[in-house]
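Next up, final-v3.pdb (PDB, C-alpha atoms, pLDDT in the B column):
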```
ATOM      1  CA  MET K   1      76.652  41.048 -36.496  1.00 35.00           C
ATOM      2  CA  SER K   2      76.308  44.638 -35.319  1.00 37.00           C
ATOM      3  CA  ILE K   3      74.351  47.337 -37.115  1.00 38.00           C
ATOM      4  CA  ASN K   4      75.582  50.899 -37.222  1.00 41.00           C
ATOM      5  CA  LEU K   5      72.525  53.132 -37.076  1.00 38.00           C
ATOM      6  CA  THR K   6      72.615  56.355 -39.065  1.00 39.00           C
ATOM      7  CA  ARG K   7      69.943  58.988 -39.428  1.00 40.00           C
ATOM      8  CA  ASN K   8      68.361  56.937 -42.221  1.00 44.00           C
ATOM      9  CA  ASN K   9      68.576  53.581 -40.447  1.00 44.00           C
ATOM     10  CA  LEU K  10      66.241  52.088 -37.871  1.00 50.00           C
ATOM     11  CA  PHE K  11      65.996  49.121 -35.605  1.00 68.00           C
ATOM     12  CA  VAL K  12      63.794  46.410 -37.094  1.00 80.00           C
ATOM     13  CA  LYS K  13      60.317  47.951 -37.382  1.00 86.00           C
ATOM     14  CA  VAL K  14      58.271  44.765 -37.762  1.00 89.00           C
ATOM     15  CA  PRO K  15      57.469  41.796 -35.480  1.00 91.00           C
ATOM     16  CA  ALA K  16      59.062  38.374 -35.579  1.00 88.00           C
ATOM     17  CA  VAL K  17      57.079  35.816 -37.578  1.00 89.00           C
ATOM     18  CA  THR K  18      55.605  33.659 -34.832  1.00 89.00           C
ATOM     19  CA  ALA K  19      52.295  31.892 -34.262  1.00 90.00           C
ATOM     20  CA  PHE K  20      51.034  35.152 -32.735  1.00 91.00           C
ATOM     21  CA  PHE K  21      51.950  36.984 -35.940  1.00 93.00           C
ATOM     22  CA  TRP K  22      49.773  34.720 -38.076  1.00 93.00           C
ATOM     23  CA  LEU K  23      46.959  34.688 -35.527  1.00 91.00           C
ATOM     24  CA  ILE K  24      46.711  38.477 -35.353  1.00 92.00           C
ATOM     25  CA  LYS K  25      47.133  38.741 -39.125  1.00 91.00           C
ATOM     26  CA  VAL K  26      44.081  36.532 -39.736  1.00 89.00           C
ATOM     27  CA  LEU K  27      42.106  38.409 -37.064  1.00 89.00           C
ATOM     28  CA  ALA K  28      43.052  41.721 -38.679  1.00 88.00           C
ATOM     29  CA  THR K  29      42.018  40.565 -42.146  1.00 84.00           C
ATOM     30  CA  THR K  30      38.672  39.439 -40.774  1.00 83.00           C
ATOM     31  CA  VAL K  31      38.159  42.868 -39.208  1.00 82.00           C
ATOM     32  CA  GLY K  32      39.173  44.463 -42.497  1.00 75.00           C
ATOM     33  CA  GLU K  33      36.276  42.699 -44.180  1.00 71.00           C
ATOM     34  CA  THR K  34      33.594  43.146 -41.516  1.00 76.00           C
ATOM     35  CA  PHE K  35      34.494  46.611 -40.200  1.00 75.00           C
ATOM     36  CA  ALA K  36      34.472  48.133 -43.682  1.00 72.00           C
ATOM     37  CA  ASP K  37      30.989  46.695 -44.236  1.00 71.00           C
ATOM     38  CA  PHE K  38      29.892  47.930 -40.795  1.00 73.00           C
ATOM     39  CA  ILE K  39      30.949  51.531 -41.439  1.00 74.00           C
ATOM     40  CA  ASN K  40      29.550  51.500 -44.950  1.00 69.00           C
ATOM     41  CA  THR K  41      26.089  50.243 -43.986  1.00 70.00           C
ATOM     42  CA  HIS K  42      25.470  51.032 -40.312  1.00 69.00           C
ATOM     43  CA  LEU K  43      26.939  54.545 -40.165  1.00 68.00           C
ATOM     44  CA  ASN K  44      25.362  55.526 -43.495  1.00 72.00           C
ATOM     45  CA  LEU K  45      28.624  56.962 -44.841  1.00 73.00           C
ATOM     46  CA  GLY K  46      28.404  55.113 -48.111  1.00 76.00           C
ATOM     47  CA  LEU K  47      31.386  53.601 -49.896  1.00 78.00           C
ATOM     48  CA  SER K  48      32.971  56.946 -50.796  1.00 80.00           C
ATOM     49  CA  GLY K  49      32.517  58.399 -47.293  1.00 83.00           C
ATOM     50  CA  THR K  50      33.854  55.241 -45.685  1.00 82.00           C
ATOM     51  CA  SER K  51      36.868  55.307 -47.998  1.00 86.00           C
ATOM     52  CA  ALA K  52      37.620  58.925 -47.094  1.00 87.00           C
ATOM     53  CA  VAL K  53      37.388  58.326 -43.338  1.00 86.00           C
ATOM     54  CA  MET K  54      39.425  55.135 -43.327  1.00 87.00           C
ATOM     55  CA  GLY K  55      41.947  56.522 -45.795  1.00 90.00           C
ATOM     56  CA  THR K  56      42.576  59.467 -43.487  1.00 93.00           C
ATOM     57  CA  ALA K  57      42.902  57.156 -40.482  1.00 92.00           C
ATOM     58  CA  LEU K  58      45.404  55.001 -42.385  1.00 94.00           C
ATOM     59  CA  LEU K  59      47.531  57.994 -43.370  1.00 95.00           C
ATOM     60  CA  ILE K  60      47.691  59.087 -39.728  1.00 96.00           C
ATOM     61  CA  ALA K  61      48.650  55.570 -38.642  1.00 95.00           C
ATOM     62  CA  LEU K  62      51.391  55.381 -41.281  1.00 96.00           C
ATOM     63  CA  VAL K  63      52.820  58.730 -40.188  1.00 96.00           C
ATOM     64  CA  VAL K  64      53.014  57.431 -36.621  1.00 96.00           C
ATOM     65  CA  GLN K  65      54.465  54.080 -37.758  1.00 95.00           C
ATOM     66  CA  PHE K  66      57.205  55.782 -39.777  1.00 94.00           C
ATOM     67  CA  SER K  67      57.987  58.216 -36.964  1.00 93.00           C
ATOM     68  CA  VAL K  68      58.635  55.618 -34.246  1.00 91.00           C
ATOM     69  CA  LYS K  69      62.185  54.260 -34.160  1.00 87.00           C
ATOM     70  CA  ILE K  70      61.433  50.729 -33.019  1.00 87.00           C
ATOM     71  CA  TYR K  71      58.708  48.135 -33.389  1.00 89.00           C
ATOM     72  CA  VAL K  72      55.732  49.174 -31.240  1.00 91.00           C
ATOM     73  CA  PRO K  73      53.037  46.444 -31.246  1.00 92.00           C
ATOM     74  CA  ILE K  74      49.992  48.708 -30.847  1.00 93.00           C
ATOM     75  CA  VAL K  75      51.185  51.077 -33.599  1.00 94.00           C
ATOM     76  CA  TYR K  76      52.169  48.307 -35.999  1.00 95.00           C
ATOM     77  CA  TRP K  77      49.006  46.237 -35.610  1.00 94.00           C
ATOM     78  CA  MET K  78      46.716  49.270 -35.706  1.00 93.00           C
ATOM     79  CA  THR K  79      48.305  50.101 -39.054  1.00 95.00           C
ATOM     80  CA  ILE K  80      47.749  46.522 -40.231  1.00 94.00           C
ATOM     81  CA  VAL K  81      44.062  46.659 -39.269  1.00 91.00           C
ATOM     82  CA  LEU K  82      43.569  49.983 -41.065  1.00 93.00           C
ATOM     83  CA  ILE K  83      45.467  48.870 -44.159  1.00 93.00           C
ATOM     84  CA  SER K  84      43.315  45.744 -44.201  1.00 89.00           C
ATOM     85  CA  VAL K  85      40.220  47.928 -44.280  1.00 87.00           C
ATOM     86  CA  ALA K  86      41.806  50.121 -46.967  1.00 89.00           C
ATOM     87  CA  GLY K  87      42.614  47.108 -49.149  1.00 86.00           C
ATOM     88  CA  THR K  88      39.006  45.967 -48.902  1.00 83.00           C
ATOM     89  CA  LEU K  89      37.713  49.421 -49.807  1.00 87.00           C
ATOM     90  CA  ILE K  90      40.031  49.787 -52.804  1.00 89.00           C
ATOM     91  CA  THR K  91      38.658  46.594 -54.311  1.00 86.00           C
ATOM     92  CA  ASP K  92      35.065  47.473 -53.384  1.00 84.00           C
ATOM     93  CA  ASN K  93      35.383  50.887 -55.054  1.00 88.00           C
ATOM     94  CA  LEU K  94      36.755  49.343 -58.230  1.00 90.00           C
ATOM     95  CA  THR K  95      33.969  46.766 -58.291  1.00 87.00           C
ATOM     96  CA  ASP K  96      30.944  48.773 -57.110  1.00 84.00           C
ATOM     97  CA  ASN K  97      31.737  52.288 -58.345  1.00 85.00           C
ATOM     98  CA  LEU K  98      33.770  51.607 -61.487  1.00 88.00           C
ATOM     99  CA  GLY K  99      32.400  48.220 -62.503  1.00 89.00           C
ATOM    100  CA  VAL K 100      35.806  46.538 -62.741  1.00 91.00           C
ATOM    101  CA  PRO K 101      35.391  42.718 -62.720  1.00 91.00           C
ATOM    102  CA  LEU K 102      36.960  40.944 -59.754  1.00 88.00           C
ATOM    103  CA  TRP K 103      39.146  38.790 -62.003  1.00 89.00           C
ATOM    104  CA  ALA K 104      40.553  41.935 -63.601  1.00 93.00           C
ATOM    105  CA  SER K 105      41.240  43.527 -60.217  1.00 91.00           C
ATOM    106  CA  SER K 106      42.987  40.337 -59.106  1.00 91.00           C
ATOM    107  CA  LEU K 107      45.171  40.389 -62.212  1.00 93.00           C
ATOM    108  CA  VAL K 108      46.088  44.065 -61.854  1.00 94.00           C
ATOM    109  CA  PHE K 109      46.879  43.838 -58.141  1.00 94.00           C
ATOM    110  CA  GLY K 110      48.899  40.672 -58.748  1.00 93.00           C
ATOM    111  CA  LEU K 111      50.982  42.422 -61.416  1.00 96.00           C
ATOM    112  CA  LEU K 112      51.481  45.501 -59.232  1.00 96.00           C
ATOM    113  CA  LEU K 113      52.561  43.345 -56.295  1.00 95.00           C
ATOM    114  CA  GLY K 114      54.987  41.418 -58.480  1.00 95.00           C
ATOM    115  CA  LEU K 115      56.421  44.687 -59.793  1.00 97.00           C
ATOM    116  CA  THR K 116      56.794  46.012 -56.246  1.00 96.00           C
ATOM    117  CA  PHE K 117      58.673  42.880 -55.184  1.00 96.00           C
ATOM    118  CA  LEU K 118      60.910  43.115 -58.262  1.00 96.00           C
ATOM    119  CA  ILE K 119      61.888  46.761 -57.694  1.00 97.00           C
ATOM    120  CA  TRP K 120      62.268  46.197 -53.940  1.00 96.00           C
ATOM    121  CA  PHE K 121      64.580  43.226 -54.465  1.00 95.00           C
ATOM    122  CA  ARG K 122      66.646  44.885 -57.184  1.00 95.00           C
ATOM    123  CA  GLN K 123      67.288  47.891 -54.971  1.00 94.00           C
ATOM    124  CA  GLU K 124      67.646  46.217 -51.562  1.00 93.00           C
ATOM    125  CA  LYS K 125      68.647  42.618 -52.471  1.00 92.00           C
ATOM    126  CA  THR K 126      66.235  41.151 -49.923  1.00 91.00           C
ATOM    127  CA  LEU K 127      62.517  40.906 -49.156  1.00 92.00           C
ATOM    128  CA  ALA K 128      63.001  39.512 -45.653  1.00 88.00           C
ATOM    129  CA  MET K 129      60.885  40.804 -42.753  1.00 82.00           C
ATOM    130  CA  LYS K 130      63.920  41.024 -40.465  1.00 82.00           C
ATOM    131  CA  SER K 131      65.621  43.353 -42.951  1.00 86.00           C
ATOM    132  CA  ILE K 132      63.148  46.222 -42.455  1.00 88.00           C
ATOM    133  CA  ILE K 133      65.717  48.586 -40.884  1.00 84.00           C
ATOM    134  CA  SER K 134      65.454  51.664 -43.134  1.00 87.00           C
ATOM    135  CA  LYS K 135      62.655  53.994 -44.169  1.00 89.00           C
ATOM    136  CA  LYS K 136      63.089  52.983 -47.817  1.00 92.00           C
ATOM    137  CA  ARG K 137      62.621  49.314 -47.017  1.00 93.00           C
ATOM    138  CA  GLU K 138      59.725  50.168 -44.744  1.00 93.00           C
ATOM    139  CA  ALA K 139      58.032  52.081 -47.584  1.00 94.00           C
ATOM    140  CA  PHE K 140      58.402  49.069 -49.904  1.00 95.00           C
ATOM    141  CA  TYR K 141      57.071  46.830 -47.129  1.00 95.00           C
ATOM    142  CA  TRP K 142      53.882  48.817 -46.503  1.00 95.00           C
ATOM    143  CA  LEU K 143      53.190  49.213 -50.221  1.00 95.00           C
ATOM    144  CA  ALA K 144      53.488  45.437 -50.626  1.00 95.00           C
ATOM    145  CA  ILE K 145      51.231  44.891 -47.606  1.00 94.00           C
ATOM    146  CA  LEU K 146      48.534  47.174 -49.065  1.00 94.00           C
ATOM    147  CA  LEU K 147      48.664  45.352 -52.395  1.00 93.00           C
ATOM    148  CA  THR K 148      48.432  41.927 -50.705  1.00 91.00           C
ATOM    149  CA  PHE K 149      45.243  43.036 -48.954  1.00 89.00           C
ATOM    150  CA  ALA K 150      43.722  44.456 -52.142  1.00 89.00           C
ATOM    151  CA  LEU K 151      44.721  41.327 -54.093  1.00 88.00           C
ATOM    152  CA  GLY K 152      43.416  39.008 -51.384  1.00 83.00           C
ATOM    153  CA  THR K 153      40.092  40.852 -51.263  1.00 82.00           C
ATOM    154  CA  ALA K 154      39.592  40.723 -55.029  1.00 85.00           C
ATOM    155  CA  THR K 155      40.617  37.082 -55.365  1.00 83.00           C
ATOM    156  CA  GLY K 156      38.651  36.004 -52.303  1.00 79.00           C
ATOM    157  CA  ASP K 157      35.463  37.726 -53.447  1.00 78.00           C
ATOM    158  CA  TRP K 158      35.897  36.331 -56.952  1.00 82.00           C
ATOM    159  CA  LEU K 159      36.148  32.735 -55.739  1.00 77.00           C
ATOM    160  CA  ALA K 160      33.442  33.016 -53.079  1.00 73.00           C
ATOM    161  CA  GLU K 161      30.875  35.000 -55.072  1.00 72.00           C
ATOM    162  CA  THR K 162      31.594  34.880 -58.807  1.00 72.00           C
ATOM    163  CA  VAL K 163      32.887  31.313 -58.966  1.00 74.00           C
ATOM    164  CA  GLY K 164      30.389  30.313 -56.294  1.00 72.00           C
ATOM    165  CA  LEU K 165      32.502  28.399 -53.776  1.00 74.00           C
ATOM    166  CA  GLY K 166      30.728  30.018 -50.842  1.00 75.00           C
ATOM    167  CA  TYR K 167      32.341  31.330 -47.664  1.00 78.00           C
ATOM    168  CA  GLY K 168      32.901  28.046 -45.834  1.00 81.00           C
ATOM    169  CA  LEU K 169      34.420  26.187 -48.768  1.00 84.00           C
ATOM    170  CA  SER K 170      36.506  29.226 -49.682  1.00 82.00           C
ATOM    171  CA  ALA K 171      37.950  29.379 -46.147  1.00 85.00           C
ATOM    172  CA  PHE K 172      38.804  25.670 -46.290  1.00 88.00           C
ATOM    173  CA  THR K 173      40.421  26.102 -49.721  1.00 89.00           C
ATOM    174  CA  TYR K 174      42.703  28.916 -48.516  1.00 90.00           C
ATOM    175  CA  LEU K 175      43.564  27.045 -45.327  1.00 92.00           C
ATOM    176  CA  ALA K 176      44.538  24.012 -47.379  1.00 94.00           C
ATOM    177  CA  ALA K 177      46.632  26.192 -49.689  1.00 93.00           C
ATOM    178  CA  ILE K 178      48.474  27.702 -46.707  1.00 94.00           C
ATOM    179  CA  GLY K 179      49.110  24.189 -45.405  1.00 94.00           C
ATOM    180  CA  ALA K 180      50.539  23.219 -48.789  1.00 96.00           C
ATOM    181  CA  VAL K 181      52.858  26.235 -48.735  1.00 95.00           C
ATOM    182  CA  ALA K 182      54.049  25.299 -45.242  1.00 94.00           C
ATOM    183  CA  LEU K 183      54.746  21.737 -46.428  1.00 96.00           C
ATOM    184  CA  LEU K 184      56.707  22.966 -49.439  1.00 96.00           C
ATOM    185  CA  TRP K 185      58.779  25.186 -47.159  1.00 95.00           C
ATOM    186  CA  ARG K 186      59.458  22.398 -44.660  1.00 93.00           C
ATOM    187  CA  ARG K 187      60.665  20.161 -47.477  1.00 94.00           C
ATOM    188  CA  LYS K 188      62.879  23.020 -48.745  1.00 92.00           C
ATOM    189  CA  ILE K 189      61.138  23.096 -52.109  1.00 95.00           C
ATOM    190  CA  ILE K 190      60.540  26.834 -51.717  1.00 94.00           C
ATOM    191  CA  GLY K 191      62.498  29.331 -49.641  1.00 92.00           C
ATOM    192  CA  GLU K 192      61.454  30.937 -46.372  1.00 92.00           C
ATOM    193  CA  ILE K 193      60.833  34.400 -47.849  1.00 93.00           C
ATOM    194  CA  THR K 194      58.819  33.040 -50.788  1.00 93.00           C
ATOM    195  CA  ALA K 195      56.724  30.911 -48.440  1.00 94.00           C
ATOM    196  CA  PHE K 196      56.131  33.885 -46.145  1.00 94.00           C
ATOM    197  CA  TRP K 197      54.794  36.189 -48.843  1.00 93.00           C
ATOM    198  CA  ILE K 198      52.613  33.521 -50.455  1.00 93.00           C
ATOM    199  CA  ALA K 199      51.121  32.687 -47.055  1.00 93.00           C
ATOM    200  CA  TYR K 200      50.692  36.391 -46.319  1.00 92.00           C
ATOM    201  CA  ILE K 201      48.659  36.842 -49.494  1.00 89.00           C
ATOM    202  CA  LEU K 202      46.543  33.756 -48.780  1.00 90.00           C
ATOM    203  CA  THR K 203      45.692  34.786 -45.214  1.00 90.00           C
ATOM    204  CA  ARG K 204      43.849  37.826 -46.575  1.00 85.00           C
ATOM    205  CA  PRO K 205      41.087  35.897 -48.399  1.00 83.00           C
ATOM    206  CA  LEU K 206      41.125  33.334 -45.572  1.00 87.00           C
ATOM    207  CA  GLY K 207      40.311  36.018 -43.007  1.00 83.00           C
ATOM    208  CA  ALA K 208      37.762  37.624 -45.311  1.00 78.00           C
ATOM    209  CA  SER K 209      36.014  34.289 -45.866  1.00 81.00           C
ATOM    210  CA  ILE K 210      35.893  33.669 -42.110  1.00 84.00           C
ATOM    211  CA  GLY K 211      34.514  37.159 -41.546  1.00 80.00           C
ATOM    212  CA  ASP K 212      31.813  36.754 -44.180  1.00 79.00           C
ATOM    213  CA  LEU K 213      30.957  33.266 -42.917  1.00 83.00           C
ATOM    214  CA  LEU K 214      30.382  34.615 -39.414  1.00 84.00           C
ATOM    215  CA  ALA K 215      28.727  37.923 -40.319  1.00 79.00           C
ATOM    216  CA  GLN K 216      26.522  37.243 -43.332  1.00 79.00           C
ATOM    217  CA  ASP K 217      22.872  36.229 -43.115  1.00 80.00           C
ATOM    218  CA  PRO K 218      22.215  32.469 -43.212  1.00 81.00           C
ATOM    219  CA  LYS K 219      20.315  32.983 -46.462  1.00 77.00           C
ATOM    220  CA  ALA K 220      23.582  34.229 -47.977  1.00 72.00           C
ATOM    221  CA  GLY K 221      25.550  31.287 -46.607  1.00 72.00           C
ATOM    222  CA  GLY K 222      26.724  32.856 -43.335  1.00 77.00           C
ATOM    223  CA  LEU K 223      26.072  32.252 -39.640  1.00 84.00           C
ATOM    224  CA  GLY K 224      24.250  35.537 -39.094  1.00 83.00           C
ATOM    225  CA  LEU K 225      26.358  37.140 -36.329  1.00 83.00           C
ATOM    226  CA  GLY K 226      26.361  40.446 -38.179  1.00 81.00           C
ATOM    227  CA  THR K 227      29.244  42.814 -38.916  1.00 77.00           C
ATOM    228  CA  THR K 228      28.958  44.617 -35.559  1.00 80.00           C
ATOM    229  CA  THR K 229      29.282  41.511 -33.379  1.00 85.00           C
ATOM    230  CA  THR K 230      31.954  39.943 -35.576  1.00 83.00           C
ATOM    231  CA  SER K 231      34.025  43.153 -35.642  1.00 82.00           C
ATOM    232  CA  ILE K 232      33.812  43.582 -31.857  1.00 86.00           C
ATOM    233  CA  ILE K 233      34.832  39.964 -31.181  1.00 88.00           C
ATOM    234  CA  PHE K 234      37.853  40.128 -33.446  1.00 87.00           C
ATOM    235  CA  LEU K 235      38.927  43.632 -32.379  1.00 89.00           C
ATOM    236  CA  LEU K 236      38.901  42.509 -28.746  1.00 92.00           C
ATOM    237  CA  ALA K 237      40.918  39.417 -29.684  1.00 92.00           C
ATOM    238  CA  ILE K 238      43.460  41.601 -31.496  1.00 92.00           C
ATOM    239  CA  LEU K 239      43.674  44.030 -28.575  1.00 92.00           C
ATOM    240  CA  SER K 240      44.198  41.212 -26.072  1.00 93.00           C
ATOM    241  CA  SER K 241      46.949  39.679 -28.204  1.00 93.00           C
ATOM    242  CA  VAL K 242      48.703  43.003 -28.751  1.00 92.00           C
ATOM    243  CA  VAL K 243      48.609  43.847 -25.035  1.00 93.00           C
ATOM    244  CA  TYR K 244      50.110  40.439 -24.274  1.00 92.00           C
ATOM    245  CA  LEU K 245      52.899  40.952 -26.808  1.00 90.00           C
ATOM    246  CA  SER K 246      53.574  44.479 -25.554  1.00 90.00           C
ATOM    247  CA  VAL K 247      54.128  43.109 -22.053  1.00 90.00           C
ATOM    248  CA  THR K 248      56.032  39.921 -22.900  1.00 88.00           C
ATOM    249  CA  LYS K 249      57.905  41.267 -25.978  1.00 86.00           C
ATOM    250  CA  ARG K 250      57.789  37.744 -27.398  1.00 85.00           C
ATOM    251  CA  ASP K 251      57.540  38.992 -30.978  1.00 85.00           C
ATOM    252  CA  GLN K 252      60.434  41.440 -31.008  1.00 81.00           C
ATOM    253  CA  ILE K 253      63.326  40.702 -33.345  1.00 75.00           C
ATOM    254  CA  LYS K 254      66.660  40.848 -31.525  1.00 64.00           C
ATOM    255  CA  MET K 255      69.516  42.005 -33.737  1.00 56.00           C
ATOM    256  CA  MET K 256      72.923  40.604 -32.831  1.00 50.00           C
TER     257      MET K 256
END
```
Written form, structure tokens:
Amino acid sequence: MSINLTRNNLFVKVPAVTAFFWLIKVLATTVGETFADFINTHLNLGLSGTSAVMGTALLIALVVQFSVKIYVPIVYWMTIVLISVAGTLITDNLTDNLGVPLWASSLVFGLLLGLTFLIWFRQEKTLAMKSIISKKREAFYWLAILLTFALGTATGDWLAETVGLGYGLSAFTYLAAIGAVALLWRRKIIGEITAFWIAYILTRPLGASIGDLLAQDPKAGGLGLGTTTTSIIFLLAILSSVVYLSVTKRDQIKMM
């Protein structure tokens, strides 16, 4: 099927959903957790200062992402990393500055995400990744992505800290849930798009739990690597993966 491009239409602006996609997504969510903590504590910017700096960086990244006409791995994944940090900071601001309970944040973000999906589907008739070929669909996509990160942060922190599962058990719980989603999809109990978005939401608290497990002090249930070391390791892993994909183009969606 051919696509006639008009001024408002684009080639597909997102990567194909491959093993590399999920790998970099988890790496990015881990960085979102640890890098936000690193800037907040080590650079002495405080939560508000960190939010201002990272919010500005995200806006710049989104402007670049919307301006390019095709999927560019470095631009796309840089935006994902920054939106991961932003999602973490939104939840942290609600919790630390406004005193909103994590369960309440989870509920609100869940409702907002559901509403976004509903409006998106009613207007565009699809929520598929490979359908992101217009600026309108791209706007819906990035709004949904931001809400998944905020929701994942709130839910992950609530289970790990308030409920008391701890970082290791929380990571195992989310990994098992993702496995269950994959099984339901393979058995055709749920559709591909539904499975994708559920897994996308679950990878956020999974990555955050892994990040906290590696970075936090052993007294707090972590391995004590610290936010600096953990952030550097995962940023280098993301960069290596993105460079590989930029060269091989293995994650580009080919429209027929």
(message) Need the shell around Leu159 of chain K: protein/DNA/RNA residues with any atom at most 12 Å away, counting only C-alpha atoms. Skip same-chain ones fewer than 3 positions apart. Format as a PyMOL selection string?
(response) chain K and resi 102-103+106+152-156+162-171+173-174+205-206+208-209
(message) Using the chain letters and numbers from this file, what does the PyMOL selection byres ((chain K and resi 139) around 12) select? Give the answer as a PyMOL selection string.
(response) chain K and resi 13+62-63+65-66+116-117+120+124+132-138+140-146
For segment 69-75 of chain K, list every protein, DNA or RNA residue within 7 Å, evaluated using all atoms listed in the file, and leave out those in the same chain fewer than 4 positions away; present the list as a tab-separated table (two decimals) with C-alpha atoms, in the coordinates of the input.
```tsv
chain	number	residue	atom	x	y	z
K	10	LEU	CA	66.24	52.09	-37.87
K	11	PHE	CA	66.00	49.12	-35.60
K	12	VAL	CA	63.79	46.41	-37.09
K	13	LYS	CA	60.32	47.95	-37.38
K	14	VAL	CA	58.27	44.76	-37.76
K	15	PRO	CA	57.47	41.80	-35.48
K	65	GLN	CA	54.46	54.08	-37.76
K	79	THR	CA	48.30	50.10	-39.05
K	242	VAL	CA	48.70	43.00	-28.75
K	246	SER	CA	53.57	44.48	-25.55
```
(message) Which residues would end up in the selection if the PyMOL selection byres ((chain K and resi 149) around 8) were applied here, given that I need the answer as a ChimeraX atom specification?
(response) /K:29,83-84,87-88,145-148,150-153,201,204
(request) Calculate how many Å separate atom CA of Gly226 of chain K from atom CA of Leu27 of chain K, rounding to one decimal. (result) 15.9 Å
Start from the incomplete input, build N, CA and C atoms for segment 205-224 of chain K, and deliver everything as a compact mmCIF listing (two decimals), in the frame of the given file.
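Final output, saved to out11.txt:
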```txt
# COMPACT_ATOMS: atom_id res chain seq x y z
N PRO K 205 42.40 36.47 -48.07
CA PRO K 205 41.09 35.90 -48.40
C PRO K 205 40.61 34.89 -47.36
N LEU K 206 41.54 34.24 -46.65
CA LEU K 206 41.12 33.33 -45.57
C LEU K 206 40.38 34.11 -44.50
N GLY K 207 40.96 35.21 -44.03
CA GLY K 207 40.31 36.02 -43.01
C GLY K 207 39.00 36.61 -43.49
N ALA K 208 38.99 37.05 -44.76
CA ALA K 208 37.76 37.62 -45.31
C ALA K 208 36.66 36.58 -45.39
N SER K 209 37.01 35.36 -45.78
CA SER K 209 36.01 34.29 -45.87
C SER K 209 35.46 33.95 -44.49
N ILE K 210 36.34 33.92 -43.48
CA ILE K 210 35.89 33.67 -42.11
C ILE K 210 34.97 34.78 -41.64
N GLY K 211 35.35 36.03 -41.94
CA GLY K 211 34.51 37.16 -41.55
C GLY K 211 33.14 37.11 -42.18
N ASP K 212 33.10 36.85 -43.48
CA ASP K 212 31.81 36.75 -44.18
C ASP K 212 30.99 35.57 -43.68
N LEU K 213 31.66 34.44 -43.41
CA LEU K 213 30.96 33.27 -42.92
C LEU K 213 30.27 33.56 -41.59
N LEU K 214 30.95 34.29 -40.71
CA LEU K 214 30.38 34.62 -39.41
C LEU K 214 29.32 35.71 -39.50
N ALA K 215 29.56 36.72 -40.34
CA ALA K 215 28.73 37.92 -40.32
C ALA K 215 27.49 37.85 -41.21
N GLN K 216 27.60 37.19 -42.36
CA GLN K 216 26.52 37.24 -43.33
C GLN K 216 25.29 36.48 -42.86
N ASP K 217 24.14 36.88 -43.41
CA ASP K 217 22.87 36.23 -43.12
C ASP K 217 22.90 34.77 -43.56
N PRO K 218 22.24 33.89 -42.81
CA PRO K 218 22.22 32.47 -43.21
C PRO K 218 21.71 32.25 -44.63
N LYS K 219 20.82 33.11 -45.10
CA LYS K 219 20.32 32.98 -46.46
C LYS K 219 21.42 33.20 -47.48
N ALA K 220 22.45 33.96 -47.09
CA ALA K 220 23.58 34.23 -47.98
C ALA K 220 24.74 33.27 -47.73
N GLY K 221 24.52 32.28 -46.87
CA GLY K 221 25.55 31.29 -46.61
C GLY K 221 26.38 31.55 -45.37
N GLY K 222 25.98 32.53 -44.54
CA GLY K 222 26.72 32.86 -43.34
C GLY K 222 26.05 32.33 -42.08
N LEU K 223 26.61 32.69 -40.93
CA LEU K 223 26.07 32.25 -39.64
C LEU K 223 25.21 33.33 -38.98
N GLY K 224 25.17 34.51 -39.55
CA GLY K 224 24.25 35.54 -39.09
C GLY K 224 24.66 36.32 -37.86
```
